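*Asks:* My structure file model31.cif, mmCIF, C-alpha atoms and all ligand atoms, is below:
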```
data_target
#
loop_
_atom_site.label_atom_id
_atom_site.label_comp_id
_atom_site.auth_asym_id
_atom_site.auth_seq_id
_atom_site.Cartn_x
_atom_site.Cartn_y
_atom_site.Cartn_z
CA MET A 35 68.41 -7.38 96.93
CA ARG A 36 68.97 -4.60 94.42
CA PRO A 37 70.54 -5.43 91.09
CA PRO A 38 73.87 -3.63 90.60
CA ARG A 39 73.42 -0.80 88.14
CA ALA A 40 75.04 1.95 86.16
CA GLU A 41 73.20 5.26 86.44
CA LEU A 42 73.58 6.82 82.98
CA HIS A 43 70.89 9.48 83.00
CA LEU A 44 71.22 11.68 86.03
CA HIS A 45 71.35 15.46 86.27
CA LEU A 46 73.37 16.37 89.35
CA GLU A 47 71.28 19.51 89.82
CA GLY A 48 68.18 17.30 89.75
CA THR A 49 69.38 15.51 92.89
CA LEU A 50 68.92 18.66 95.00
CA GLU A 51 66.50 17.50 97.69
CA PRO A 52 64.33 20.17 99.35
CA GLU A 53 66.10 19.68 102.70
CA LEU A 54 69.52 20.38 101.19
CA ALA A 55 68.08 23.28 99.15
CA PHE A 56 66.96 24.98 102.37
CA GLU A 57 70.24 24.20 104.13
CA LEU A 58 72.23 25.79 101.29
CA ALA A 59 69.80 28.71 101.07
CA GLU A 60 70.49 29.48 104.71
CA ARG A 61 74.24 29.01 104.37
CA ASN A 62 74.36 31.34 101.37
CA ARG A 63 71.70 33.78 102.59
CA VAL A 64 69.62 33.18 99.48
CA ALA A 65 65.84 33.45 99.74
CA LEU A 66 63.78 30.61 98.28
CA PRO A 67 60.21 31.59 97.36
CA PHE A 68 58.78 28.80 99.54
CA ALA A 69 57.96 28.88 103.25
CA ASP A 70 59.56 25.54 104.04
CA VAL A 71 60.62 22.10 102.79
CA ASP A 72 57.02 20.87 102.59
CA ALA A 73 55.90 23.88 100.57
CA LEU A 74 58.76 23.34 98.14
CA ARG A 75 58.01 19.65 97.80
CA ALA A 76 54.35 20.48 97.24
CA ALA A 77 55.39 22.57 94.21
CA TYR A 78 56.66 19.42 92.47
CA GLU A 79 53.50 19.08 90.40
CA PHE A 80 54.52 19.38 86.79
CA THR A 81 52.45 19.63 83.65
CA ASP A 82 55.29 19.16 81.17
CA LEU A 83 59.07 19.41 80.79
CA GLN A 84 59.10 23.23 80.81
CA SER A 85 57.13 23.50 84.07
CA PHE A 86 59.77 21.29 85.69
CA LEU A 87 62.73 23.11 84.12
CA ASP A 88 61.45 26.46 85.44
CA LEU A 89 61.64 25.20 89.04
CA TYR A 90 64.83 23.18 88.44
CA TYR A 91 66.68 26.30 87.25
CA ALA A 92 65.14 28.51 89.96
CA ASN A 93 66.26 26.17 92.76
CA MET A 94 69.84 26.29 91.49
CA SER A 95 70.07 29.77 93.05
CA VAL A 96 71.19 28.07 96.30
CA LEU A 97 74.24 26.47 94.62
CA ARG A 98 76.98 29.08 94.83
CA THR A 99 80.30 27.71 96.06
CA ALA A 100 82.52 24.69 95.45
CA GLU A 101 81.46 23.48 98.91
CA ASP A 102 77.79 23.54 97.83
CA PHE A 103 78.53 21.50 94.70
CA ALA A 104 80.64 19.08 96.74
CA ASP A 105 77.86 18.62 99.33
CA LEU A 106 75.32 18.01 96.56
CA THR A 107 77.58 15.47 94.85
CA ARG A 108 78.33 13.61 98.09
CA ALA A 109 74.63 13.46 99.02
CA TYR A 110 73.82 11.98 95.63
CA LEU A 111 76.61 9.38 95.72
CA ARG A 112 75.67 8.25 99.22
CA ARG A 113 72.05 7.78 98.14
CA ALA A 114 73.05 6.16 94.84
CA ALA A 115 75.27 3.61 96.59
CA ALA A 116 72.32 2.62 98.80
CA ALA A 117 70.24 2.17 95.63
CA GLY A 118 72.69 -0.37 94.19
CA VAL A 119 74.45 2.03 91.81
CA ARG A 120 78.00 0.78 91.13
CA HIS A 121 78.84 3.28 88.38
CA ALA A 122 77.38 6.73 87.67
CA GLU A 123 77.80 8.92 84.58
CA ILE A 124 76.73 12.26 85.97
CA MET A 125 75.51 15.21 83.92
CA VAL A 126 76.00 18.78 85.02
CA ASP A 127 74.68 21.95 83.32
CA PRO A 128 77.65 24.38 83.37
CA GLN A 129 75.76 27.09 81.47
CA ALA A 130 72.97 27.14 84.04
CA HIS A 131 75.55 28.18 86.63
CA LEU A 132 77.59 30.53 84.44
CA LEU A 133 74.41 32.38 83.50
CA ARG A 134 73.84 33.04 87.22
CA GLY A 135 77.35 34.43 87.58
CA ILE A 136 78.85 31.33 89.22
CA PRO A 137 82.40 30.77 87.90
CA LEU A 138 83.07 27.45 86.18
CA GLN A 139 85.83 26.79 88.69
CA GLU A 140 83.38 26.65 91.62
CA LEU A 141 81.49 23.87 89.86
CA LEU A 142 84.64 21.98 88.88
CA ASP A 143 86.37 22.41 92.26
CA GLY A 144 83.25 21.15 94.00
CA VAL A 145 82.32 18.20 91.82
CA GLY A 146 85.73 17.04 90.56
CA PRO A 147 87.43 15.89 93.81
CA VAL A 148 84.27 14.21 95.13
CA LEU A 149 83.89 12.23 91.90
CA ALA A 150 87.58 11.34 91.90
CA ALA A 151 87.28 9.85 95.41
CA SER A 152 83.88 8.27 94.85
CA GLU A 153 85.00 4.72 94.20
CA ARG A 154 86.94 4.74 97.47
CA ASP A 155 84.38 6.70 99.51
CA PHE A 156 81.11 5.29 98.17
CA GLY A 157 81.98 2.22 96.09
CA VAL A 158 80.63 4.00 93.00
CA SER A 159 82.84 4.64 89.97
CA THR A 160 81.98 7.84 88.12
CA LEU A 161 82.33 9.74 84.87
CA LEU A 162 81.39 13.39 84.34
CA ILE A 163 79.28 14.67 81.44
CA ALA A 164 78.94 18.38 80.59
CA ALA A 165 75.48 18.91 79.13
CA PHE A 166 74.74 21.91 76.95
CA LEU A 167 71.42 23.72 76.97
CA ARG A 168 69.46 23.23 73.77
CA ASP A 169 67.44 26.40 74.34
CA ARG A 170 70.55 28.58 74.45
CA PRO A 171 72.72 29.62 71.48
CA ALA A 172 75.08 26.94 70.16
CA ALA A 173 77.85 29.55 70.06
CA GLU A 174 77.52 29.90 73.83
CA ALA A 175 77.84 26.12 74.24
CA TYR A 176 80.93 26.17 72.02
CA SER A 177 82.59 28.80 74.13
CA VAL A 178 81.70 26.98 77.37
CA LEU A 179 83.22 23.79 75.93
CA GLU A 180 86.41 25.73 75.14
CA SER A 181 86.49 27.01 78.72
CA LEU A 182 85.93 23.51 80.13
CA LEU A 183 88.76 22.10 78.02
CA ALA A 184 91.06 24.99 78.91
CA ALA A 185 90.30 24.43 82.61
CA GLY A 186 91.25 20.76 82.30
CA ALA A 187 87.77 19.70 83.45
CA PRO A 188 87.69 15.94 84.17
CA LEU A 189 85.11 15.29 81.45
CA ALA A 190 84.33 11.96 79.83
CA ALA A 191 81.51 13.15 77.60
CA VAL A 192 79.22 15.93 76.47
CA GLY A 193 75.42 15.91 76.40
CA LEU A 194 72.50 18.06 75.30
CA ASP A 195 69.51 18.77 77.52
CA SER A 196 66.85 21.35 78.49
CA THR A 197 63.83 22.35 76.37
CA GLU A 198 63.43 20.01 73.40
CA VAL A 199 60.37 21.25 71.52
CA GLY A 200 61.05 24.36 69.43
CA PHE A 201 64.84 24.06 69.56
CA SER A 202 66.79 22.12 66.95
CA ALA A 203 69.84 20.05 67.89
CA ALA A 204 71.55 20.56 64.52
CA PRO A 205 73.21 23.93 65.40
CA PHE A 206 75.18 22.07 68.09
CA ALA A 207 77.05 20.00 65.48
CA PRO A 208 80.27 22.06 65.79
CA VAL A 209 80.16 21.72 69.59
CA PHE A 210 79.86 17.95 69.39
CA ALA A 211 82.51 17.77 66.66
CA LYS A 212 84.92 19.72 68.85
CA ALA A 213 84.11 17.43 71.79
CA ALA A 214 84.75 14.35 69.66
CA ALA A 215 88.06 15.80 68.46
CA ALA A 216 89.02 16.30 72.13
CA GLY A 217 88.37 12.61 72.77
CA LEU A 218 85.02 13.06 74.53
CA ARG A 219 82.05 10.70 74.18
CA ARG A 220 78.65 12.03 73.10
CA THR A 221 75.10 11.64 74.37
CA ALA A 222 72.01 13.79 73.78
CA HIS A 223 68.44 14.09 75.00
CA ALA A 224 65.94 13.50 72.20
CA GLY A 225 62.50 12.00 71.74
CA GLU A 226 61.37 12.89 75.27
CA GLU A 227 58.74 15.43 74.21
CA GLY A 228 59.87 15.83 70.62
CA PRO A 229 59.17 13.43 67.73
CA ALA A 230 61.10 10.37 66.55
CA SER A 231 62.87 12.54 63.95
CA ASN A 232 64.60 14.35 66.83
CA VAL A 233 66.25 11.04 67.73
CA THR A 234 67.55 10.62 64.19
CA GLU A 235 68.72 14.23 64.25
CA VAL A 236 71.05 13.76 67.24
CA LEU A 237 72.50 10.58 65.70
CA ASP A 238 73.13 12.19 62.32
CA ALA A 239 73.93 15.80 63.18
CA LEU A 240 75.71 15.33 66.52
CA GLY A 241 77.13 11.84 66.20
CA ALA A 242 75.42 10.95 69.48
CA GLU A 243 76.49 7.48 70.64
CA ARG A 244 73.68 7.26 73.15
CA VAL A 245 70.23 8.84 73.36
CA ASP A 246 68.69 10.13 76.59
CA HIS A 247 64.99 9.23 76.76
CA GLY A 248 64.22 8.37 73.10
CA ILE A 249 60.77 7.04 74.01
CA ARG A 250 59.04 8.73 71.09
CA ALA A 251 61.27 6.78 68.69
CA MET A 252 58.60 4.12 69.11
CA GLU A 253 56.30 6.21 66.91
CA ASP A 254 58.41 5.56 63.80
CA PRO A 255 59.17 1.93 62.85
CA ALA A 256 62.10 2.99 60.66
CA VAL A 257 63.74 4.75 63.61
CA VAL A 258 63.08 1.72 65.84
CA ASP A 259 64.72 -0.53 63.23
CA ARG A 260 67.76 1.68 63.03
CA LEU A 261 68.17 1.94 66.82
CA ALA A 262 67.78 -1.83 67.19
CA ARG A 263 70.19 -2.62 64.34
CA ASP A 264 72.86 -0.22 65.58
CA ARG A 265 72.33 -1.16 69.26
CA VAL A 266 72.08 2.51 70.22
CA PRO A 267 71.70 2.72 74.00
CA LEU A 268 68.58 4.57 75.14
CA THR A 269 68.56 5.83 78.72
CA VAL A 270 64.90 5.67 79.65
CA CYS A 271 63.52 7.40 82.76
CA PRO A 272 60.06 6.00 83.47
CA LEU A 273 59.26 8.01 86.63
CA SER A 274 60.35 11.22 84.89
CA ASN A 275 58.16 10.44 81.88
CA VAL A 276 55.11 9.99 84.10
CA ARG A 277 55.79 13.12 86.20
CA LEU A 278 56.26 15.27 83.09
CA ASN A 279 53.24 13.78 81.34
CA ALA A 280 55.28 12.38 78.46
CA VAL A 281 53.32 9.17 79.13
CA PRO A 282 49.92 8.93 80.86
CA SER A 283 50.95 6.33 83.47
CA LEU A 284 53.64 3.81 84.30
CA ALA A 285 51.31 1.03 83.19
CA ALA A 286 51.14 2.69 79.78
CA HIS A 287 54.91 3.25 79.51
CA PRO A 288 56.49 2.02 76.25
CA LEU A 289 59.39 0.33 78.10
CA PRO A 290 58.10 -3.24 77.61
CA ALA A 291 57.46 -2.53 73.92
CA MET A 292 60.94 -1.04 73.57
CA MET A 293 62.48 -4.16 75.11
CA ALA A 294 60.34 -6.41 72.91
CA ALA A 295 61.46 -4.45 69.82
CA GLY A 296 65.08 -5.34 70.60
CA LEU A 297 66.14 -1.83 71.57
CA HIS A 298 69.14 -1.34 73.87
CA VAL A 299 67.28 0.17 76.84
CA SER A 300 68.28 0.77 80.42
CA VAL A 301 66.35 2.65 83.11
CA HIS A 302 67.45 5.65 85.11
CA SER A 303 66.24 8.39 87.39
CA ASP A 304 66.87 11.69 85.51
CA ASP A 305 66.11 14.20 88.30
CA PRO A 306 65.40 11.97 91.30
CA ALA A 307 64.73 14.74 93.84
CA TYR A 308 61.92 16.02 91.61
CA PHE A 309 60.45 12.88 90.06
CA GLY A 310 59.87 10.58 93.01
CA GLY A 311 62.92 8.47 93.15
CA TYR A 312 66.36 7.03 92.61
CA VAL A 313 67.09 3.84 90.65
CA ASP A 314 65.91 1.59 93.49
CA ASP A 315 62.57 3.42 93.45
CA VAL A 316 62.47 3.01 89.66
CA ASP A 317 63.16 -0.71 90.07
CA ASP A 318 60.36 -1.05 92.68
CA ALA A 319 57.90 0.85 90.50
CA LEU A 320 58.65 -1.28 87.44
CA VAL A 321 58.18 -4.47 89.42
CA ALA A 322 54.94 -3.20 90.97
CA GLU A 323 53.37 -1.50 87.95
CA LEU A 324 54.76 -3.36 84.95
CA GLY A 325 55.30 -6.74 86.60
CA LEU A 326 58.98 -6.95 85.63
CA GLY A 327 60.60 -10.14 86.87
CA ARG A 328 64.15 -11.16 87.65
CA ALA A 329 65.13 -11.78 84.02
CA GLU A 330 63.95 -8.36 82.83
CA ARG A 331 65.53 -6.61 85.81
CA ALA A 332 68.83 -8.38 85.10
CA ALA A 333 68.61 -7.45 81.40
CA LEU A 334 68.03 -3.78 82.26
CA ALA A 335 70.89 -3.85 84.77
CA ALA A 336 73.24 -5.45 82.22
CA ALA A 337 72.20 -2.88 79.60
CA SER A 338 73.03 -0.06 81.99
CA PHE A 339 76.64 -1.26 81.96
CA THR A 340 76.89 -2.11 78.25
CA GLY A 341 75.40 1.33 77.46
CA SER A 342 78.01 3.08 79.61
CA PHE A 343 81.14 4.85 78.41
CA LEU A 344 83.36 2.47 80.40
CA PRO A 345 86.08 0.38 78.70
CA ALA A 346 85.14 -3.23 77.88
CA ASP A 347 87.07 -4.83 80.74
CA ARG A 348 85.29 -2.66 83.31
CA VAL A 349 81.93 -3.44 81.70
CA ASP A 350 82.70 -7.17 81.84
CA ALA A 351 83.56 -6.96 85.54
CA TYR A 352 80.25 -5.25 86.28
CA LEU A 353 78.36 -7.75 84.11
CA ARG A 354 79.72 -10.51 86.34
CA GLU A 355 78.19 -8.68 89.32
CA VAL A 356 74.84 -8.60 87.52
CA ALA A 357 75.10 -12.34 86.78
CA ASP A 358 75.93 -13.00 90.44
CA TRP A 359 72.90 -10.96 91.48
CA ALA A 360 70.62 -12.87 89.10
CA ALA A 361 71.98 -16.20 90.38
CA SER A 362 71.27 -15.27 94.00
CA GLU A 363 67.95 -13.46 93.52
CA PRO A 364 64.97 -15.75 94.00
CA ALA A 365 62.73 -16.11 90.96
CA GLU A 366 59.38 -14.38 91.34
CA ALA A 367 56.46 -16.55 92.43
N1 LIG B 401 64.95 16.76 80.04
C1 LIG B 401 65.62 17.77 79.49
N2 LIG B 401 66.46 18.53 80.17
C2 LIG B 401 66.66 18.27 81.46
C3 LIG B 401 65.98 17.25 82.09
C4 LIG B 401 65.08 16.44 81.34
O1 LIG B 401 64.41 15.50 81.82
N3 LIG B 401 66.39 17.27 83.38
C5 LIG B 401 67.29 18.25 83.52
N4 LIG B 401 67.45 18.88 82.36
ZN ZN B 402 67.42 14.14 81.49
#
```
Before we go any further, please render this structure as structure tokens.

*Replies:*
Amino acid sequence: MRPPRAELHLHLEGTLEPELAFELAERNRVALPFADVDALRAAYEFTDLQSFLDLYYANMSVLRTAEDFADLTRAYLRRAAAAGVRHAEIMVDPQAHLLRGIPLQELLDGVGPVLAASERDFGVSTLLIAAFLRDRPAAEAYSVLESLLAAGAPLAAVGLDSTEVGFSAAPFAPVFAKAAAAGLRRTAHAGEEGPASNVTEVLDALGAERVDHGIRAMEDPAVVDRLARDRVPLTVCPLSNVRLNAVPSLAAHPLPAMMAAGLHVSVHSDDPAYFGGYVDDVDDALVAELGLGRAERAALAAASFTGSFLPADRVDAYLREVADWAASEPAEA
């Protein structure tokens, strides 16, 4: 059986499977520059983060109406439930849609009601995270945050994503300060392609409570010590790291070293339609390639809940589900 999990590092737009992309393209009379689903899937050969982001943003052209966003969200939640996800903290990129002329309200009207009904419809509790694009001006992010707050968007947190190398996180300090003042939690991508100092930067400049990826923190023992001491949750995405060449192979992934160093790590899928899988696929790959056993899988599952933005009583209830899973899962031979 699958361990129950919280999915904490998931870009909704990265769950757009080629089949749905073509369905929406037809519905919206948008042309995709690929002959068919197979041709699109065949283009999922990435050299680095930017080569992925170029296609990820291009494919968003099919997402136009609230109905499109609702269909995408439902498809993800259905698949996530089958993967053992009990709670999902879902990132969206509002700027990526605004820049294409899609009104914020289409995104919110599509995603909001589906997330609100998700526990009932899919057995998955949810929180919504608005992620800001690091390679766009911080002033733009600030104004989008103002619009989100004015629209009463059902946000739990803000995040920071997109191109890491060449773009500092520090200019986003006022955006994160405003989010904190509005009662929102804070996470940020760092240390995916950029150095360990980028991890420190999002903690210090943005007050990030959680770090997305953070794998390159392992290159600086002082940063590792700080992350371990402060129990900063790191949302690691092993399949993403391999597909984007942040690590040479799953067998060479720093995950076991991160766990051994006492870091608060959990594993997630990032952009599952593009990187070869949802959290069940991640779980299978870690068992097959890194030899993770029941105890490590239970520890990662528990960390996914303790690293979430849920209140303590909800975390405790989910931790009991993880303990029940571990008690019923046979030990490996
Ligand atoms: N890294 C940075 N930005 C992103 C990613 C990622 O893996 N996926 C979607 N936006
Ligand atoms: Zn990500």

*Asks:* Any idea what the distance is between atom CA of A:Glu366 and atom CA of A:Gly327?

*Replies:* 6.3 Å

*Asks:* Would you please work out which residue, of A:Ala73, A:Leu133, A:Ala280, A:Leu42, is nearest to A:Gly193 when using all atoms listed in the file?

*Replies:*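 Using all atoms listed in the file, the shortest distance to A:Gly193 belongs to A:Leu42.
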
*Asks:* How would you report the residues lying within 7 Å of ligand LIG 401 (chain B), as a ChimeraX atom specification, if you count only C-alpha atoms and all ligand atoms?

*Replies:* /A:45,48,83,87,195-198,223,274,304-305

*Asks:* Determine, counting all atoms listed in the file, which protein, DNA and RNA residues have an atom within 7 Å of an atom of A:Leu334; residues of the same chain fewer than 4 positions away are not included. Present the result as a ChimeraX atom specification.

*Replies:* /A:299-301,330,338

*Asks:* Those selected residues, please, written with C-alpha atoms and delivered as a PDB file, keeping the file's coordinate frame.

*Replies:*
```
ATOM      1  CA  VAL A 299      67.280   0.170  76.840  1.00  0.00           C
ATOM      2  CA  SER A 300      68.280   0.770  80.420  1.00  0.00           C
ATOM      3  CA  VAL A 301      66.350   2.650  83.110  1.00  0.00           C
ATOM      4  CA  GLU A 330      63.950  -8.360  82.830  1.00  0.00           C
ATOM      5  CA  SER A 338      73.030  -0.060  81.990  1.00  0.00           C
TER       6      SER A 338
END
```

*Asks:* Neighbours of ligand ZN 402 (chain B) at 12 Å or closer, counting all atoms listed in the file: which residues, as a PyMOL selection string?

*Replies:* chain A and resi 41-49+83+86-87+90+124-127+163+165-167+193-198+221-227+245-248+268-275+278+301-306+308-309

*Asks:* Within 6 Å of stretch 283-293 of chain A, counting all atoms listed in the file, which residues qualify if same-chain residues fewer than 6 places away don't, as an mmCIF file with C-alpha atoms, in the frame of the given file?

*Replies:*
```
data_model
loop_
_atom_site.group_PDB
_atom_site.id
_atom_site.type_symbol
_atom_site.label_atom_id
_atom_site.label_comp_id
_atom_site.auth_asym_id
_atom_site.auth_seq_id
_atom_site.Cartn_x
_atom_site.Cartn_y
_atom_site.Cartn_z
ATOM 1 C CA VAL A 276 55.110 9.990 84.100
ATOM 2 C CA GLU A 323 53.370 -1.500 87.950
ATOM 3 C CA LEU A 324 54.760 -3.360 84.950
#
```

*Asks:* Pick out the residues sitting within 12 Å of A:Asp155, and hand them over as a list in words; count all atoms listed in the file, and ignore anything fewer than 6 positions along from it in its own chain.

*Replies:*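 Final neighbour list, sorted by chain and number: Arg108, Ala109, Leu111, Arg112, Ala115, Pro147, Val148 and Leu149 of chain A.
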
*Asks:* Mind listing as a PyMOL selection string all residues within 7 Å of (80.7, 16.4, 91.4), counting only C-alpha atoms?

*Replies:* chain A and resi 103-104+107+144-146+148-149

*Asks:* Given the choices A:Phe201, A:Ala216, A:Ala150, A:Asp143, which gets closest to A:Leu179 if the distance is worked out from all atoms listed in the file?

*Replies:*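 For A:Leu179, the nearest of the candidates is A:Ala216.
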